[in-house]
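A.B. asks: Got a structure for you, questions after.
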Amino acid sequence: MPTPRTPSPLTRGALLPTIELVGQAPGDADVLVLGVTGQADSPALVGVPASIAKAAPGDLLELATDLGARPKAGTVTQLPRVGSRLLAVGLGSDELSPEQVRRSCGAAARSAAALAKETPLHVAVSLETAESELVRAVIEGIVLGGYEFAKVGTEAAAKISRLSVVTSLGGAEAKQVVADAQAVAQAVLVARDWVNTPANLLYPESFAEEVRELTKGTKLAVEVLDEKQLAKEGFGGILAVGGGSQRPPRLVRVEHKPRGAKNHLVLVGKGITFDTGGLNLKPADGMYTMKCDMGGAAAVLAATHAIAELGLDVWVTCYASMAENMPSGASYRPSDVISMYGGTTVENVNSDAEGRLVMADALARSQADKPDLVVDVATLTGACMVALGNRMAGLMTSDDPTADLVLDAAETAGEEFWQLPIPEYLRESLESKVADLKSGGPRLGGALTAAAFLQHFVEEDVAWAHLDIAGPAFNDDEPHDYVPAGGTGHAVRTLVELARSLQA
């Protein structure tokens, strides 16, 4: 058999359109996006350039409403062509939030991309936006909504090659808004591409090489531990989970350490490049999408790159625990006792609860870095999906101030998280008769039990938050707003905003 190819460098800005802020809608745009606001019975069309208003037959608002345009956020209506193709997108109420704008522009981008044939499009957005947060939301919504994963073996091709945002914003503030939006959107696209890459192409070794490629030419310090180094240093959890695969595990450590940074943020991501369940084999229907089980690692790695690119004044150390969970004669078994990094012994209850084992090793190692805050991100439990559905992630944490910090960052970023508790009785349920603790507890409340297990590997005086993104990390349904089918890049934006909030 031929050796599977290592994926070529992914995204790296190649799919980002050229972005410009302009004072008026350019006449050469292929698609012009206008906004519909107000109430259902009294809609208003915003952002209509004078040239369009003069050239349009009759009342453009009346025509738009006759064709179905309405203020409901995310609805998109194609209007008769007047020079450019016109798309009227619902923005919701007159009081616009960045996330409303981001979602509506994402829906508009998907509609615009559907119009592109062989030639990529120049899209202009005219929504009468002057606030920097709304302009940034326009850019992010269009870029994220226009994303499409290239078929394996083909070159990535952008559907939207140029984006013009009509705004009165200018000067240094405008340049900063564009730079921020580009860095964050690119990070999300990189995370999506990694999640969407088939597991025969993206496995621990090639994933680690992708990280090296992404960080090439930056000031980020990258360290990759292979299976021999993992064994030498005692990473028993990662080795146990990855032991059943012919593709050995890796631990990737990436550090952004600007001179003088006072706050130290540690990010830890679950990087299970494919999860069969191991000896506790998953049913076929539950296994098909398990290339996405490295979504946490993709999020923390991409976010760290964006944080460095933005030059945020916060020290960030990122760990990605990478392994492939496969059944074989070398697989770890239910009832095995595993010696974790740092010496804690764990009785394995279920080999399909592998994520907490690889995460625990990295969390234990991170304590030597003396962090001020540790945030781990993982597609960890189906139980969290049962509790919160497919679009909202769970947040479990050591204290309420930490929860508030993360939730504030998520609100600013426009990502949804909901705080769940870690009851004391669930911590007690992890007691083992043959080891220091066991990796599983009661079936009910499984997301909370997993968090209780992870918390054991973080020192009591260290602020810590656990983000279970099992639901929103992978969209197994139809695209919506700026969210595509497949990998979503969930948590990237929240992590960048969290780092921004920790700047001294």
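In the structure tokens, chains take letters A, B, ... by order of appearance, with residues numbered from 1 within each chain and ligands from 1 in the order shown.
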Check the DSSP output for the backbone and give back, as a list in words, the residues of range 378-421 of chain A in strand (DSSP E or B).
C.D. replies: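 Strand (DSSP E or B) assignments inside range 378-421 of chain A correspond to Ala378, Ala393, Gly394, Leu395, Met396, Thr397, Phe417, Trp418 and Gln419 of chain A.
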A.B. asks: Quick one: residues within 10 Å of range 378-395 of chain A, only C-alpha atoms, excluding same-chain residues fewer than 4 positions away - as a PyMOL selection string?
C.D. replies: chain A and resi 268-272+290+292-300+352-356+359+403+406-407+415-421+443-451+465-477+490-491
A.B. asks: As a list in words, please: the residues near Gly236 in chain A (cut-off 10 Å, only C-alpha atoms, same-chain neighbours under 3 positions excluded).
C.D. replies: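 Those residues are Leu230, Ala231, Lys232, Glu233, Leu239, Ala240, Val241, Gly242, Val337, Ile338, Ser339, Met340, Tyr341, Gly342, Gly343, Thr344, Thr345, Val346, Leu357, Val358, Ala360 and Asp361 of chain A.
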A.B. asks: Run DSSP on the backbone and grab whatever in range 113-302 of chain A lands in helix (DSSP H, G or I); send it over as a PyMOL selection string.
C.D. replies: chain A and resi 113-115+132-145+171-196+204-215+227-233+236-242+284-287+290-302
A.B. asks: Would you kindly return, as a PyMOL selection string, each protein, DNA or RNA residue with an atom no farther than 8 Å from any atom of range 88-100 of chain A, considering only C-alpha atoms and excluding same-chain residues fewer than 6 positions away?
C.D. replies: chain A and resi 33-39+45+64+69-79+107-108+133-134+137+413-414
A.B. asks: Please list as a list in words every residue within 10 Å of Ile52 in chain A, counting only C-alpha atoms and excluding residues in the same chain fewer than 2 positions away.
C.D. replies: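 Near neighbours after the sequence-gap exclusion: Ala25, Gly27, Leu32, Val48, Pro49, Ala50, Lys54, Ala55, Ala56, Pro57, Leu60, Arg81, Val82, Gly83, Ser84 and Leu86 of chain A.
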A.B. asks: Residues near Thr18 in chain A, anyone? I mean within 7 Å using only C-alpha atoms, not counting same-chain ones fewer than 5 positions away, as JSON, numbers by chain.
C.D. replies: {"A": [161, 162, 163]}
A.B. asks: If you measure from CA of Gly146 in chain A to CA of Val492 in chain A, what distance in Å do you get, rounded to one decimal?
C.D. replies: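 These two atoms are separated by 17.6 Å.
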A.B. asks: Enter the distance from CA of Val222 in chain A to CA of Gly243 in chain A, in Å, rounded to one decimal.
C.D. replies: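 According to the coordinates, CA of Val222 in chain A and CA of Gly243 in chain A are separated by 24.0 Å.
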A.B. asks: Would you list the contacts of range 212-216 of chain A as a PyMOL selection string, taking every protein, DNA or RNA residue within 10 Å and counting only C-alpha atoms, but skipping same-chain residues closer than 2 positions in sequence?
C.D. replies: chain A and resi 8-12+190+206-210+218-224+252+254+301-302+304-305+308-309
A.B. asks: Restricting the calculation to only C-alpha atoms: of A:Gly486, A:Gly237, A:Gly23, A:Gly278, which residue gets closest to Val166 in chain A?
C.D. replies: A:Gly23
A.B. asks: Rounded to one decimal in Å, what is the spacing between CA of Asp180 in chain A and CA of Met322 in chain A?
C.D. replies: 29.0 Å
A.B. asks: Pick out the closest residue to Tyr203 in chain A from this set: A:Ala323, A:Ala158, A:Ala40, A:Ala368. Count only C-alpha atoms.
C.D. replies: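 Of all the options, A:Ala323 lies closest to Tyr203 in chain A.
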